[in-house]
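**Student:** Encoded as structure tokens, here's the structure I'll be asking about.
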Amino acid sequence: MMGETEAVEIDDILDDWFIESLKSYKDLHVYQLEHPTQIIEWTSGKTVCVAGYSSGKNEILELRLPLKLLADEKKGLCAERDFKVVHGGFSEGPVCCLRHIPGTRCAVTNDGLNSDLQLWDLGADDTDVIRKTGSLPGTSVSQTGSRIAARLSSSPEVLHGAQSSAVQLTQLGTGQTLYRLEVDSTEPLSSLKFVSETAFLASCCDGTVYLADTRTSAPPQASPPPGECTLWWTDASAGPQCRVIRLSSSGQAVVSDLRNMGGAVCRAQLDVQTSPRKPEDVTVAWAPALDGCFSVSGLSGLVQIYDTAGWRAEPQDASPLFQHAGHSVSSQHGDGSAPIFITTHVWHPERPRTLLSAASDGSVHVWDWVDPQTN
Amino acid sequence: MPEIKVTPLGAGQDVGRSCILVSIGGKNIMLDCGMHMGYNDDRRFPDFSYITQNGRLTDFLDCVIISHFHLDHCGALPYMSEMVGYDGPIYMTHPTKAICPILLEDFRKITVDKKGETNFFTSQMIKDCMKKVIPLNLHQTVQGDYNMTPDRHLGAAWIDKCRPDILISESTYATTIRDSKRCRERDFLKKVHETIERGGKVLIPVFALGRAQELCILLETFWERMNLKAPIYFSTGLTEKANHYYKLFITWTNQKIRKTFVQRNMFEFKHIKAFDRSYADNPGPMVVFATPGMLHAGQSLQIFKKWAGNDKNMVIMPGYCVQGTIGHKILNGQRKLEMEGRSTLDVKLQVEYMSFSAHADAKGIMQLIRMAEPRNMLLVHGEAAKMEFLKGKIEQEFNCYMPANGETTAVTTNPSVPVDISLNLLKREMVLGGPLPDPKKPRTMHGTLIMKENLVSSEQALKELGLNEHQLRFTCRVQLQDPHSDSDTLHRIYTHLKSVLKDYTIQHLPDGTVMVESIVIKVSSSAEDANAKVLLLSWSYQDEDLGSYLSSLLKKGLPT
């Protein structure tokens, strides 16, 4: 009978991690989606989109964060701990990449099977349905998915491409190509990101990074891979002092200044427990509101947060400042089937220590960690 | 085709005052009779004018079924039965019947005494209403506000693949994804622990039943694990009442609680002791569970008054508080309260609102729907604009409706009525010969259907019903011009019928008759006319059609 198999012993829940979490997290929320997601994308300060990636029909959901998390001074008076599905829709195929176009209620997705993009209206107050409004043909014949980037602009535009040779900026309303990245190499991309209103980084899986500007047709600045490894991930921090971090599948972390990509400001060797092989396996992200801190998932079954403050030019082993083990600890797959892996994670754009993480078992965690150094 | 009609009177594209009318099999049933907690005027009651514009509802309803004791499902029951007027049966489970009047009375007291309402039901009305209640066992009733994960003290909902014609589900929580129980408990323990560590006192106002026991078990286990020394108290009034109800309704709780209860008295804790009101003045940290839950009177209010002025202390409200209570006021952020005798109370302690309520969420609701496999889904208890996605999601797999209040949804059904056949009757049919029973070749047979059991032979039915059997036979005389002898005429009839009625059994019997199936034909000479014959046909009621056909045929004469 269902009730019997799901009964949990009270003593079980008071395990070490649980007791530890009373001090190590200010807030902790654990959710179980019907289907796992590979994307978490902010659509406002209070809402995120998640979507399924199975081969058939999938749901796209826009979730409002629990009110209790966002309440601040009135936190105690708010009992609301749940996600609210504010909008939902259906995609005919998997959703491997989803980007919200800032300033609009529009989102762009890619299914990871080719470079075509789908366009969506996330819906307003009068409806809770997310509708497909159109599609954009891909920029190349490729078997890998497109990376997508967007920033606030007067008319909605999207930067996209699956390979370094096929990156373009497309105007959403007209479908017109506004800009094309002039690069010959057909290396698959691991990420695309705007670093200013017109400048962007196109980062390749092999570790090469191109810095280009959509206003000019001049060739981009290319920066070769910073080390010996065949698979790299990249992220650029926000703000005037833009730092770029490149991370390899062997755990080499290299931090450079955007204006001097050839040199390295500091390096470190991170501990790798798993062996990431595909671009989707790893997520690396600078903390938007914690200077010098970045997070990584995919090198182990945890989300790890590092502080580069103590890093030097000579690579040394680095230990994480904080680790979120929630997904492997509260995993529902206790029967020895395929191990859980973290599919993605994101930082809250303003709250310094709030993150969201998702795993292959459908779990989504929202956590606000306590800096162990301030205890 | 028979239909089932469903009309929400409350909670149709709205939240609160659950009340759904169902017309099924010729009966009118009211499912739930709730109060809308957000209104103070008539909008808080379901709209009964849909049933009848004036007068009592007794003639229009066959019964009322109450799913559970939450006020938004039963809060309007005394109003409906005593003020609008209904004298028919009201069905609910035993525990619901026990708990309903307590909640209704509490609610009435707060609304009338605290808020000064006049158009409200009285204590006597609650009593009179409950007299009309007929308590039932679970397989006879529906279950409301379900949850797919088990509470510590209630079992999880589970359901057969019963394939109902209609499954009615609320939709408010179908767009919620619930935070885990573990995290809610973590937050509770964290807050309690932090308060105790700084030397403060924690007050937890609780209802007589429900969460209190669960939170006690949780705290006891935590205290043991962390080796904590601060005292935890539990008000004795609570213990007695709770013990009493648990003993009565132990079969309604889950396996684990049953085991615990049997092995030890639930309230023999190591760290939790009975409370005495003098303890409230003791220095140092402590945790106290006290009633009532909304801080509107009694012990919990007394303790609250003593502790409210100290910012090291904390009050944890584990549930919803009705408007007008102190609990409701402090949860709205009020930091200065007006007490009796115009004195004011400064609220300096920390106020924490924690929800441990037992609703399901999106995943749980879809799981249950898929398990039941309904032919049609009907959504209630949600706003129209916020239900479109859910409706679309359900429609991937099932038919789905979402009527507004007063709007009727009619669903056609195709009820199948299985009928068994008695062995004797079956054997008799086999003896008559002919091909074996074949579903593709229907064959007429005679029997009597007793709705209670099965299809039997007429004799058995008559015997069971204590009736005598009467046989009905028809006779008919046909005049024929025929100069032959009687036996020759008979033979000519035989030959004629054999050529015309090829599919029938025709026999020429040695006793001088011709038989067509069971119809008997005799020939005799006419007394008046030597060249005329009189044919006597006789048949039983079952062969009426063939008999009349034969008589018409023979009236036409025989071929030469």
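In the structure tokens, the first chain shown is A, the next is B, and so on; residue numbers restart at 1 for each chain, and ligands run from 1 in the order shown.
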Residues of chain B within 6 Å of chain A, counting only C-alpha atoms - could you list those as a PyMOL selection string?
**Tutor:** chain B and resi 156+175-180+183+190+331+352-355+363+385-386+389
**Student:** Given the selection you just returned, output its residues as a file containing N, CA and C atoms, formatted as a PDB file, in the first residue's frame.
**Tutor:**
ATOM      1  N   ALA B 156      -1.599   8.293   4.120  1.00  0.00           N
ATOM      2  CA  ALA B 156      -1.602   8.938   2.804  1.00  0.00           C
ATOM      3  C   ALA B 156      -2.877   8.537   2.066  1.00  0.00           C
ATOM      4  N   THR B 175      -1.583  24.212  -8.633  1.00  0.00           N
ATOM      5  CA  THR B 175      -0.555  25.059  -9.224  1.00  0.00           C
ATOM      6  C   THR B 175       0.487  25.411  -8.175  1.00  0.00           C
ATOM      7  N   THR B 176       0.551  24.594  -7.140  1.00  0.00           N
ATOM      8  CA  THR B 176       1.558  24.806  -6.107  1.00  0.00           C
ATOM      9  C   THR B 176       2.548  23.661  -6.159  1.00  0.00           C
ATOM     10  N   ILE B 177       3.817  23.976  -5.907  1.00  0.00           N
ATOM     11  CA  ILE B 177       4.810  22.916  -5.740  1.00  0.00           C
ATOM     12  C   ILE B 177       5.301  23.062  -4.311  1.00  0.00           C
ATOM     13  N   ARG B 178       4.967  22.076  -3.501  1.00  0.00           N
ATOM     14  CA  ARG B 178       5.184  22.204  -2.064  1.00  0.00           C
ATOM     15  C   ARG B 178       6.630  22.017  -1.631  1.00  0.00           C
ATOM     16  N   ASP B 179       7.036  22.856  -0.698  1.00  0.00           N
ATOM     17  CA  ASP B 179       8.324  22.678  -0.043  1.00  0.00           C
ATOM     18  C   ASP B 179       8.233  21.401   0.789  1.00  0.00           C
ATOM     19  N   SER B 180       9.346  20.700   0.927  1.00  0.00           N
ATOM     20  CA  SER B 180       9.325  19.405   1.607  1.00  0.00           C
ATOM     21  C   SER B 180       8.984  19.551   3.086  1.00  0.00           C
ATOM     22  N   CYS B 183      11.993  20.415   5.268  1.00  0.00           N
ATOM     23  CA  CYS B 183      12.404  21.814   5.367  1.00  0.00           C
ATOM     24  C   CYS B 183      11.494  22.614   6.294  1.00  0.00           C
ATOM     25  N   LYS B 190      14.860  25.045  13.960  1.00  0.00           N
ATOM     26  CA  LYS B 190      15.858  26.116  13.946  1.00  0.00           C
ATOM     27  C   LYS B 190      15.383  27.285  14.797  1.00  0.00           C
ATOM     28  N   LEU B 331      -0.445  38.075  13.564  1.00  0.00           N
ATOM     29  CA  LEU B 331       0.051  37.585  12.281  1.00  0.00           C
ATOM     30  C   LEU B 331      -0.067  38.652  11.199  1.00  0.00           C
ATOM     31  N   GLU B 352       6.237  34.039  14.727  1.00  0.00           N
ATOM     32  CA  GLU B 352       6.542  33.182  13.589  1.00  0.00           C
ATOM     33  C   GLU B 352       5.293  32.435  13.150  1.00  0.00           C
ATOM     34  N   TYR B 353       4.987  32.528  11.864  1.00  0.00           N
ATOM     35  CA  TYR B 353       3.825  31.848  11.300  1.00  0.00           C
ATOM     36  C   TYR B 353       4.354  30.667  10.498  1.00  0.00           C
ATOM     37  N   MET B 354       3.958  29.480  10.885  1.00  0.00           N
ATOM     38  CA  MET B 354       4.439  28.297  10.153  1.00  0.00           C
ATOM     39  C   MET B 354       3.289  27.466   9.653  1.00  0.00           C
ATOM     40  N   SER B 355       3.347  27.075   8.429  1.00  0.00           N
ATOM     41  CA  SER B 355       2.244  26.313   7.861  1.00  0.00           C
ATOM     42  C   SER B 355       2.612  24.847   7.767  1.00  0.00           C
ATOM     43  N   LYS B 363       2.112  17.808  -8.259  1.00  0.00           N
ATOM     44  CA  LYS B 363       2.536  16.434  -8.539  1.00  0.00           C
ATOM     45  C   LYS B 363       1.572  15.434  -7.900  1.00  0.00           C
ATOM     46  N   ALA B 385      -8.905  32.321 -14.639  1.00  0.00           N
ATOM     47  CA  ALA B 385      -7.702  32.707 -15.388  1.00  0.00           C
ATOM     48  C   ALA B 385      -6.481  31.919 -14.932  1.00  0.00           C
ATOM     49  N   LYS B 386      -6.532  31.365 -13.732  1.00  0.00           N
ATOM     50  CA  LYS B 386      -5.378  30.639 -13.214  1.00  0.00           C
ATOM     51  C   LYS B 386      -5.530  29.139 -13.364  1.00  0.00           C
ATOM     52  N   PHE B 389      -3.995  26.546 -17.657  1.00  0.00           N
ATOM     53  CA  PHE B 389      -2.853  25.662 -17.903  1.00  0.00           C
ATOM     54  C   PHE B 389      -3.131  24.276 -17.326  1.00  0.00           C
TER      55      PHE B 389
END
**Student:** Any idea what's packed within 7 Å of region 224-236 of chain A, counting only C-alpha atoms, ignoring anything in its chain fewer than 4 positions away? Could you give it as a PyMOL selection string?
**Tutor:** chain A and resi 190-191+203+205-209+242-249+284-286
**Student:** Among region 90-232 of chain B, which ones does DSSP assign to strand (DSSP E) (computed from the backbone)? Answer as a list in words.
**Tutor:**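 Checking each residue of region 90-232 of chain B, the strand (DSSP E) ones are Ile90, Tyr91, Met92, Thr93, Val133, Ile134, Pro135, Leu136, Ile166, Leu167, Ile168, Ser169, Glu170, Thr176, Ile177, Lys201, Val202, Leu203, Ile204, Pro205 and Ile232 of chain B.
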**Student:** Output N, CA and C atoms for every residue in that selection, as a PDB file, in the first residue's frame.
**Tutor:**
ATOM      1  N   ILE B  90     -27.518  13.817   6.685  1.00  0.00           N
ATOM      2  CA  ILE B  90     -26.217  14.435   6.422  1.00  0.00           C
ATOM      3  C   ILE B  90     -25.173  13.368   6.722  1.00  0.00           C
ATOM      4  N   TYR B  91     -24.399  12.971   5.739  1.00  0.00           N
ATOM      5  CA  TYR B  91     -23.420  11.890   5.925  1.00  0.00           C
ATOM      6  C   TYR B  91     -22.000  12.438   6.086  1.00  0.00           C
ATOM      7  N   MET B  92     -21.254  11.837   7.013  1.00  0.00           N
ATOM      8  CA  MET B  92     -19.830  12.159   7.187  1.00  0.00           C
ATOM      9  C   MET B  92     -19.189  11.014   7.955  1.00  0.00           C
ATOM     10  N   THR B  93     -17.851  11.008   7.989  1.00  0.00           N
ATOM     11  CA  THR B  93     -17.181   9.923   8.715  1.00  0.00           C
ATOM     12  C   THR B  93     -17.286  10.163  10.221  1.00  0.00           C
ATOM     13  N   VAL B 133     -27.010  14.161  11.514  1.00  0.00           N
ATOM     14  CA  VAL B 133     -25.830  13.523  10.897  1.00  0.00           C
ATOM     15  C   VAL B 133     -25.856  12.015  11.074  1.00  0.00           C
ATOM     16  N   ILE B 134     -25.555  11.288   9.986  1.00  0.00           N
ATOM     17  CA  ILE B 134     -25.424   9.829  10.038  1.00  0.00           C
ATOM     18  C   ILE B 134     -23.964   9.507   9.741  1.00  0.00           C
ATOM     19  N   PRO B 135     -23.214   9.030  10.737  1.00  0.00           N
ATOM     20  CA  PRO B 135     -21.785   8.764  10.493  1.00  0.00           C
ATOM     21  C   PRO B 135     -21.580   7.469   9.717  1.00  0.00           C
ATOM     22  N   LEU B 136     -20.525   7.452   8.863  1.00  0.00           N
ATOM     23  CA  LEU B 136     -20.271   6.290   8.008  1.00  0.00           C
ATOM     24  C   LEU B 136     -18.810   5.874   8.046  1.00  0.00           C
ATOM     25  N   ILE B 166     -17.000  10.731 -13.123  1.00  0.00           N
ATOM     26  CA  ILE B 166     -16.521  12.089 -12.866  1.00  0.00           C
ATOM     27  C   ILE B 166     -15.607  12.085 -11.641  1.00  0.00           C
ATOM     28  N   LEU B 167     -14.489  12.791 -11.729  1.00  0.00           N
ATOM     29  CA  LEU B 167     -13.640  13.048 -10.568  1.00  0.00           C
ATOM     30  C   LEU B 167     -13.606  14.552 -10.381  1.00  0.00           C
ATOM     31  N   ILE B 168     -14.069  15.008  -9.217  1.00  0.00           N
ATOM     32  CA  ILE B 168     -14.076  16.445  -8.941  1.00  0.00           C
ATOM     33  C   ILE B 168     -12.851  16.775  -8.111  1.00  0.00           C
ATOM     34  N   SER B 169     -12.056  17.722  -8.568  1.00  0.00           N
ATOM     35  CA  SER B 169     -10.851  18.082  -7.815  1.00  0.00           C
ATOM     36  C   SER B 169     -10.708  19.584  -7.708  1.00  0.00           C
ATOM     37  N   GLU B 170     -10.171  20.030  -6.571  1.00  0.00           N
ATOM     38  CA  GLU B 170      -9.898  21.453  -6.447  1.00  0.00           C
ATOM     39  C   GLU B 170      -8.622  21.763  -7.207  1.00  0.00           C
ATOM     40  N   THR B 176       0.551  24.594  -7.140  1.00  0.00           N
ATOM     41  CA  THR B 176       1.558  24.806  -6.107  1.00  0.00           C
ATOM     42  C   THR B 176       2.548  23.661  -6.159  1.00  0.00           C
ATOM     43  N   ILE B 177       3.817  23.976  -5.907  1.00  0.00           N
ATOM     44  CA  ILE B 177       4.810  22.916  -5.740  1.00  0.00           C
ATOM     45  C   ILE B 177       5.301  23.062  -4.311  1.00  0.00           C
ATOM     46  N   LYS B 201      11.782  32.103  25.735  1.00  0.00           N
ATOM     47  CA  LYS B 201      10.713  31.112  25.907  1.00  0.00           C
ATOM     48  C   LYS B 201       9.904  31.024  24.619  1.00  0.00           C
ATOM     49  N   VAL B 202       9.486  29.795  24.269  1.00  0.00           N
ATOM     50  CA  VAL B 202       8.707  29.590  23.054  1.00  0.00           C
ATOM     51  C   VAL B 202       7.301  29.138  23.408  1.00  0.00           C
ATOM     52  N   LEU B 203       6.292  29.883  22.941  1.00  0.00           N
ATOM     53  CA  LEU B 203       4.895  29.503  23.136  1.00  0.00           C
ATOM     54  C   LEU B 203       4.355  28.983  21.820  1.00  0.00           C
ATOM     55  N   ILE B 204       3.737  27.801  21.864  1.00  0.00           N
ATOM     56  CA  ILE B 204       3.136  27.249  20.647  1.00  0.00           C
ATOM     57  C   ILE B 204       1.659  26.985  20.916  1.00  0.00           C
ATOM     58  N   PRO B 205       0.756  27.910  20.498  1.00  0.00           N
ATOM     59  CA  PRO B 205      -0.674  27.692  20.692  1.00  0.00           C
ATOM     60  C   PRO B 205      -1.163  26.639  19.696  1.00  0.00           C
ATOM     61  N   ILE B 232      10.265  21.205  28.198  1.00  0.00           N
ATOM     62  CA  ILE B 232       9.159  21.340  27.251  1.00  0.00           C
ATOM     63  C   ILE B 232       7.891  20.944  27.993  1.00  0.00           C
TER      64      ILE B 232
END
**Student:** In terms of the shortest atom-to-atom distance over only C-alpha atoms, which of B:Leu535, B:Ile365, B:Ile506, B:Lys498 is closest to Asp486 (chain B)?
**Tutor:**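 Of all the options, B:Leu535 lies closest to Asp486 (chain B).
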**Student:** Check the smallest atom-to-atom distance from each of A:Glu20, A:Val48, A:Arg131, A:Ala162 to Glu388 (chain B) using only C-alpha atoms, then report the winner.
**Tutor:** A:Arg131
**Student:** My list of candidates is B:Ser551, B:Gln213, B:Ser171, B:Thr122. Which is closest to Met366 (chain B) when distances are computed with only C-alpha atoms?
**Tutor:**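 Result for the nearest residue to Met366 (chain B): B:Ser171.
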**Student:** Extract, using only C-alpha atoms, all DNA, RNA and protein residues at most 8 Å from region 96-104 of chain B, discarding same-chain residues fewer than 3 positions from it, and format them as a list in words.
**Tutor:** His68, Phe69, Leu71, Cys74, Gly75, Met92, Thr93, Phe107, Arg108, Ile126, Lys127, Met130, Val133 and Pro135 of chain B
**Student:** Keeping only N, CA, C and O atoms, write the selected residues as an mmCIF file, in the first residue's frame.
**Tutor:**
data_model
loop_
_atom_site.group_PDB
_atom_site.id
_atom_site.type_symbol
_atom_site.label_atom_id
_atom_site.label_comp_id
_atom_site.auth_asym_id
_atom_site.auth_seq_id
_atom_site.Cartn_x
_atom_site.Cartn_y
_atom_site.Cartn_z
ATOM 1 N N HIS B 68 -14.931 16.659 4.971
ATOM 2 C CA HIS B 68 -14.064 16.780 6.141
ATOM 3 C C HIS B 68 -14.386 18.048 6.909
ATOM 4 O O HIS B 68 -15.189 18.861 6.462
ATOM 5 N N PHE B 69 -13.739 18.231 8.056
ATOM 6 C CA PHE B 69 -14.174 19.253 9.009
ATOM 7 C C PHE B 69 -13.580 20.642 8.843
ATOM 8 O O PHE B 69 -13.764 21.492 9.699
ATOM 9 N N LEU B 71 -13.431 24.426 7.856
ATOM 10 C CA LEU B 71 -14.556 25.342 7.798
ATOM 11 C C LEU B 71 -14.983 25.700 6.383
ATOM 12 O O LEU B 71 -16.160 25.971 6.136
ATOM 13 N N CYS B 74 -17.412 22.798 5.734
ATOM 14 C CA CYS B 74 -18.569 22.476 6.581
ATOM 15 C C CYS B 74 -19.083 23.687 7.335
ATOM 16 O O CYS B 74 -20.077 23.597 8.045
ATOM 17 N N GLY B 75 -18.414 24.835 7.218
ATOM 18 C CA GLY B 75 -18.766 26.011 8.008
ATOM 19 C C GLY B 75 -20.178 26.532 7.819
ATOM 20 O O GLY B 75 -20.721 27.192 8.701
ATOM 21 N N MET B 92 -21.254 11.837 7.013
ATOM 22 C CA MET B 92 -19.830 12.159 7.187
ATOM 23 C C MET B 92 -19.189 11.014 7.955
ATOM 24 O O MET B 92 -19.892 10.161 8.504
ATOM 25 N N THR B 93 -17.851 11.008 7.989
ATOM 26 C CA THR B 93 -17.181 9.923 8.715
ATOM 27 C C THR B 93 -17.286 10.163 10.221
ATOM 28 O O THR B 93 -17.583 11.269 10.662
ATOM 29 N N PHE B 107 -15.802 28.583 16.134
ATOM 30 C CA PHE B 107 -15.950 29.552 15.067
ATOM 31 C C PHE B 107 -17.120 30.484 15.382
ATOM 32 O O PHE B 107 -17.035 31.704 15.237
ATOM 33 N N ARG B 108 -18.219 29.904 15.851
ATOM 34 C CA ARG B 108 -19.412 30.683 16.177
ATOM 35 C C ARG B 108 -19.119 31.662 17.298
ATOM 36 O O ARG B 108 -19.465 32.844 17.235
ATOM 37 N N ILE B 126 -26.256 24.405 16.021
ATOM 38 C CA ILE B 126 -25.183 23.449 15.737
ATOM 39 C C ILE B 126 -25.595 22.069 16.258
ATOM 40 O O ILE B 126 -25.483 21.057 15.570
ATOM 41 N N LYS B 127 -26.158 22.056 17.489
ATOM 42 C CA LYS B 127 -26.577 20.774 18.083
ATOM 43 C C LYS B 127 -27.678 20.120 17.244
ATOM 44 O O LYS B 127 -27.655 18.924 16.978
ATOM 45 N N MET B 130 -26.298 18.653 14.054
ATOM 46 C CA MET B 130 -25.538 17.417 14.228
ATOM 47 C C MET B 130 -26.459 16.221 14.491
ATOM 48 O O MET B 130 -26.080 15.084 14.225
ATOM 49 N N VAL B 133 -27.010 14.161 11.514
ATOM 50 C CA VAL B 133 -25.830 13.523 10.897
ATOM 51 C C VAL B 133 -25.856 12.015 11.074
ATOM 52 O O VAL B 133 -26.137 11.501 12.152
ATOM 53 N N PRO B 135 -23.214 9.030 10.737
ATOM 54 C CA PRO B 135 -21.785 8.764 10.493
ATOM 55 C C PRO B 135 -21.580 7.469 9.717
ATOM 56 O O PRO B 135 -22.352 6.523 9.856
#
**Student:** With distances taken over only C-alpha atoms, which residue among A:Cys266, A:Val255, A:Ile40, A:Val167 lies nearest Thr344 (chain A)?
**Tutor:**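 Of all the options, A:Ile40 lies closest to Thr344 (chain A).
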**Student:** To one decimal in Å, tell me the separation between CA of Thr475 (chain B) and CA of Thr444 (chain B).
**Tutor:**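 Answer for the CA of Thr475 (chain B) to CA of Thr444 (chain B) separation: 23.9 Å.
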**Student:** Quick one: DSSP helix (DSSP H, G or I) residues in region 49-248 of chain A, as a list of chain:residue names?
**Tutor:** A:Leu67, A:Lys68, A:Leu69, A:Leu70, A:Asp72, A:Glu73, A:Lys74, A:Lys75, A:Gly76, A:Leu77, A:Ser164, A:Ser165, A:Ala166
**Student:** With all heavy atoms retained, write the just-selected residues as an mmCIF file, in the first residue's frame.
**Tutor:**
data_model
loop_
_atom_site.group_PDB
_atom_site.id
_atom_site.type_symbol
_atom_site.label_atom_id
_atom_site.label_comp_id
_atom_site.auth_asym_id
_atom_site.auth_seq_id
_atom_site.Cartn_x
_atom_site.Cartn_y
_atom_site.Cartn_z
ATOM 1 N N LEU A 67 7.188 33.151 -1.082
ATOM 2 C CA LEU A 67 7.102 34.501 -0.518
ATOM 3 C C LEU A 67 7.944 34.648 0.748
ATOM 4 O O LEU A 67 8.486 35.719 1.017
ATOM 5 C CB LEU A 67 5.635 34.840 -0.218
ATOM 6 C CG LEU A 67 4.735 34.920 -1.449
ATOM 7 C CD1 LEU A 67 3.300 35.171 -1.041
ATOM 8 C CD2 LEU A 67 5.201 36.015 -2.386
ATOM 9 N N LYS A 68 8.038 33.561 1.509
ATOM 10 C CA LYS A 68 8.801 33.611 2.748
ATOM 11 C C LYS A 68 10.266 33.946 2.489
ATOM 12 O O LYS A 68 10.886 34.694 3.229
ATOM 13 C CB LYS A 68 8.708 32.282 3.486
ATOM 14 C CG LYS A 68 9.117 32.382 4.941
ATOM 15 C CD LYS A 68 8.898 31.078 5.661
ATOM 16 C CE LYS A 68 9.309 31.155 7.118
ATOM 17 N NZ LYS A 68 8.349 31.830 7.983
ATOM 18 N N LEU A 69 10.806 33.433 1.416
ATOM 19 C CA LEU A 69 12.208 33.666 1.084
ATOM 20 C C LEU A 69 12.443 35.137 0.802
ATOM 21 O O LEU A 69 13.454 35.721 1.186
ATOM 22 C CB LEU A 69 12.594 32.836 -0.145
ATOM 23 C CG LEU A 69 14.037 32.957 -0.611
ATOM 24 C CD1 LEU A 69 14.940 32.128 0.282
ATOM 25 C CD2 LEU A 69 14.177 32.500 -2.045
ATOM 26 N N LEU A 70 11.486 35.764 0.118
ATOM 27 C CA LEU A 70 11.662 37.131 -0.343
ATOM 28 C C LEU A 70 11.212 38.159 0.683
ATOM 29 O O LEU A 70 11.417 39.346 0.487
ATOM 30 C CB LEU A 70 10.871 37.337 -1.647
ATOM 31 C CG LEU A 70 11.155 36.327 -2.759
ATOM 32 C CD1 LEU A 70 10.154 36.490 -3.886
ATOM 33 C CD2 LEU A 70 12.564 36.492 -3.294
ATOM 34 N N ASP A 72 12.041 39.180 3.808
ATOM 35 C CA ASP A 72 12.968 40.007 4.605
ATOM 36 C C ASP A 72 12.438 40.393 5.976
ATOM 37 O O ASP A 72 12.338 39.562 6.832
ATOM 38 C CB ASP A 72 13.443 41.210 3.793
ATOM 39 C CG ASP A 72 14.360 40.774 2.663
ATOM 40 O OD1 ASP A 72 15.109 39.794 2.880
ATOM 41 O OD2 ASP A 72 14.328 41.336 1.572
ATOM 42 N N GLU A 73 12.085 41.679 6.229
ATOM 43 C CA GLU A 73 11.714 42.046 7.611
ATOM 44 C C GLU A 73 10.476 41.326 8.089
ATOM 45 O O GLU A 73 10.350 41.019 9.253
ATOM 46 C CB GLU A 73 11.442 43.551 7.790
ATOM 47 C CG GLU A 73 12.311 44.513 6.994
ATOM 48 C CD GLU A 73 11.735 44.707 5.613
ATOM 49 O OE1 GLU A 73 10.567 45.110 5.503
ATOM 50 O OE2 GLU A 73 12.473 44.463 4.645
ATOM 51 N N LYS A 74 9.523 41.121 7.204
ATOM 52 C CA LYS A 74 8.267 40.495 7.632
ATOM 53 C C LYS A 74 8.331 38.972 7.499
ATOM 54 O O LYS A 74 7.331 38.290 7.438
ATOM 55 C CB LYS A 74 7.109 41.028 6.787
ATOM 56 C CG LYS A 74 6.753 42.487 7.084
ATOM 57 C CD LYS A 74 5.564 42.571 8.011
ATOM 58 C CE LYS A 74 5.286 43.962 8.489
ATOM 59 N NZ LYS A 74 4.336 44.654 7.596
ATOM 60 N N LYS A 75 9.526 38.444 7.396
ATOM 61 C CA LYS A 75 9.722 37.022 7.134
ATOM 62 C C LYS A 75 8.942 36.114 8.076
ATOM 63 O O LYS A 75 8.325 35.149 7.668
ATOM 64 C CB LYS A 75 11.202 36.694 7.304
ATOM 65 C CG LYS A 75 11.717 35.704 6.320
ATOM 66 C CD LYS A 75 13.191 35.509 6.561
ATOM 67 C CE LYS A 75 13.804 34.538 5.598
ATOM 68 N NZ LYS A 75 13.886 35.013 4.227
ATOM 69 N N GLY A 76 8.969 36.440 9.365
ATOM 70 C CA GLY A 76 8.311 35.592 10.353
ATOM 71 C C GLY A 76 6.820 35.489 10.146
ATOM 72 O O GLY A 76 6.193 34.497 10.483
ATOM 73 N N LEU A 77 6.225 36.556 9.583
ATOM 74 C CA LEU A 77 4.774 36.571 9.458
ATOM 75 C C LEU A 77 4.297 35.886 8.190
ATOM 76 O O LEU A 77 3.111 35.760 7.947
ATOM 77 C CB LEU A 77 4.270 38.025 9.463
ATOM 78 C CG LEU A 77 4.661 38.809 10.710
ATOM 79 C CD1 LEU A 77 4.093 40.209 10.644
ATOM 80 C CD2 LEU A 77 4.173 38.096 11.961
ATOM 81 N N SER A 164 31.228 28.547 -33.229
ATOM 82 C CA SER A 164 31.864 29.864 -33.281
ATOM 83 C C SER A 164 31.733 30.508 -34.657
ATOM 84 O O SER A 164 31.733 31.728 -34.786
ATOM 85 C CB SER A 164 33.340 29.763 -32.887
ATOM 86 O OG SER A 164 33.937 28.650 -33.524
ATOM 87 N N SER A 165 31.600 29.701 -35.708
ATOM 88 C CA SER A 165 31.501 30.265 -37.064
ATOM 89 C C SER A 165 30.098 30.754 -37.373
ATOM 90 O O SER A 165 29.857 31.376 -38.407
ATOM 91 C CB SER A 165 31.879 29.197 -38.085
ATOM 92 O OG SER A 165 31.009 28.073 -37.912
ATOM 93 N N ALA A 166 29.113 30.448 -36.505
ATOM 94 C CA ALA A 166 27.723 30.733 -36.864
ATOM 95 C C ALA A 166 26.973 31.493 -35.785
ATOM 96 O O ALA A 166 25.828 31.184 -35.488
ATOM 97 C CB ALA A 166 27.018 29.409 -37.175
#
**Student:** Please, what distance in Å, to one decimal, runs between CA of Ala199 (chain A) and CA of Ser295 (chain A)?
**Tutor:**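 Separation between CA of Ala199 (chain A) and CA of Ser295 (chain A): 23.6 Å.
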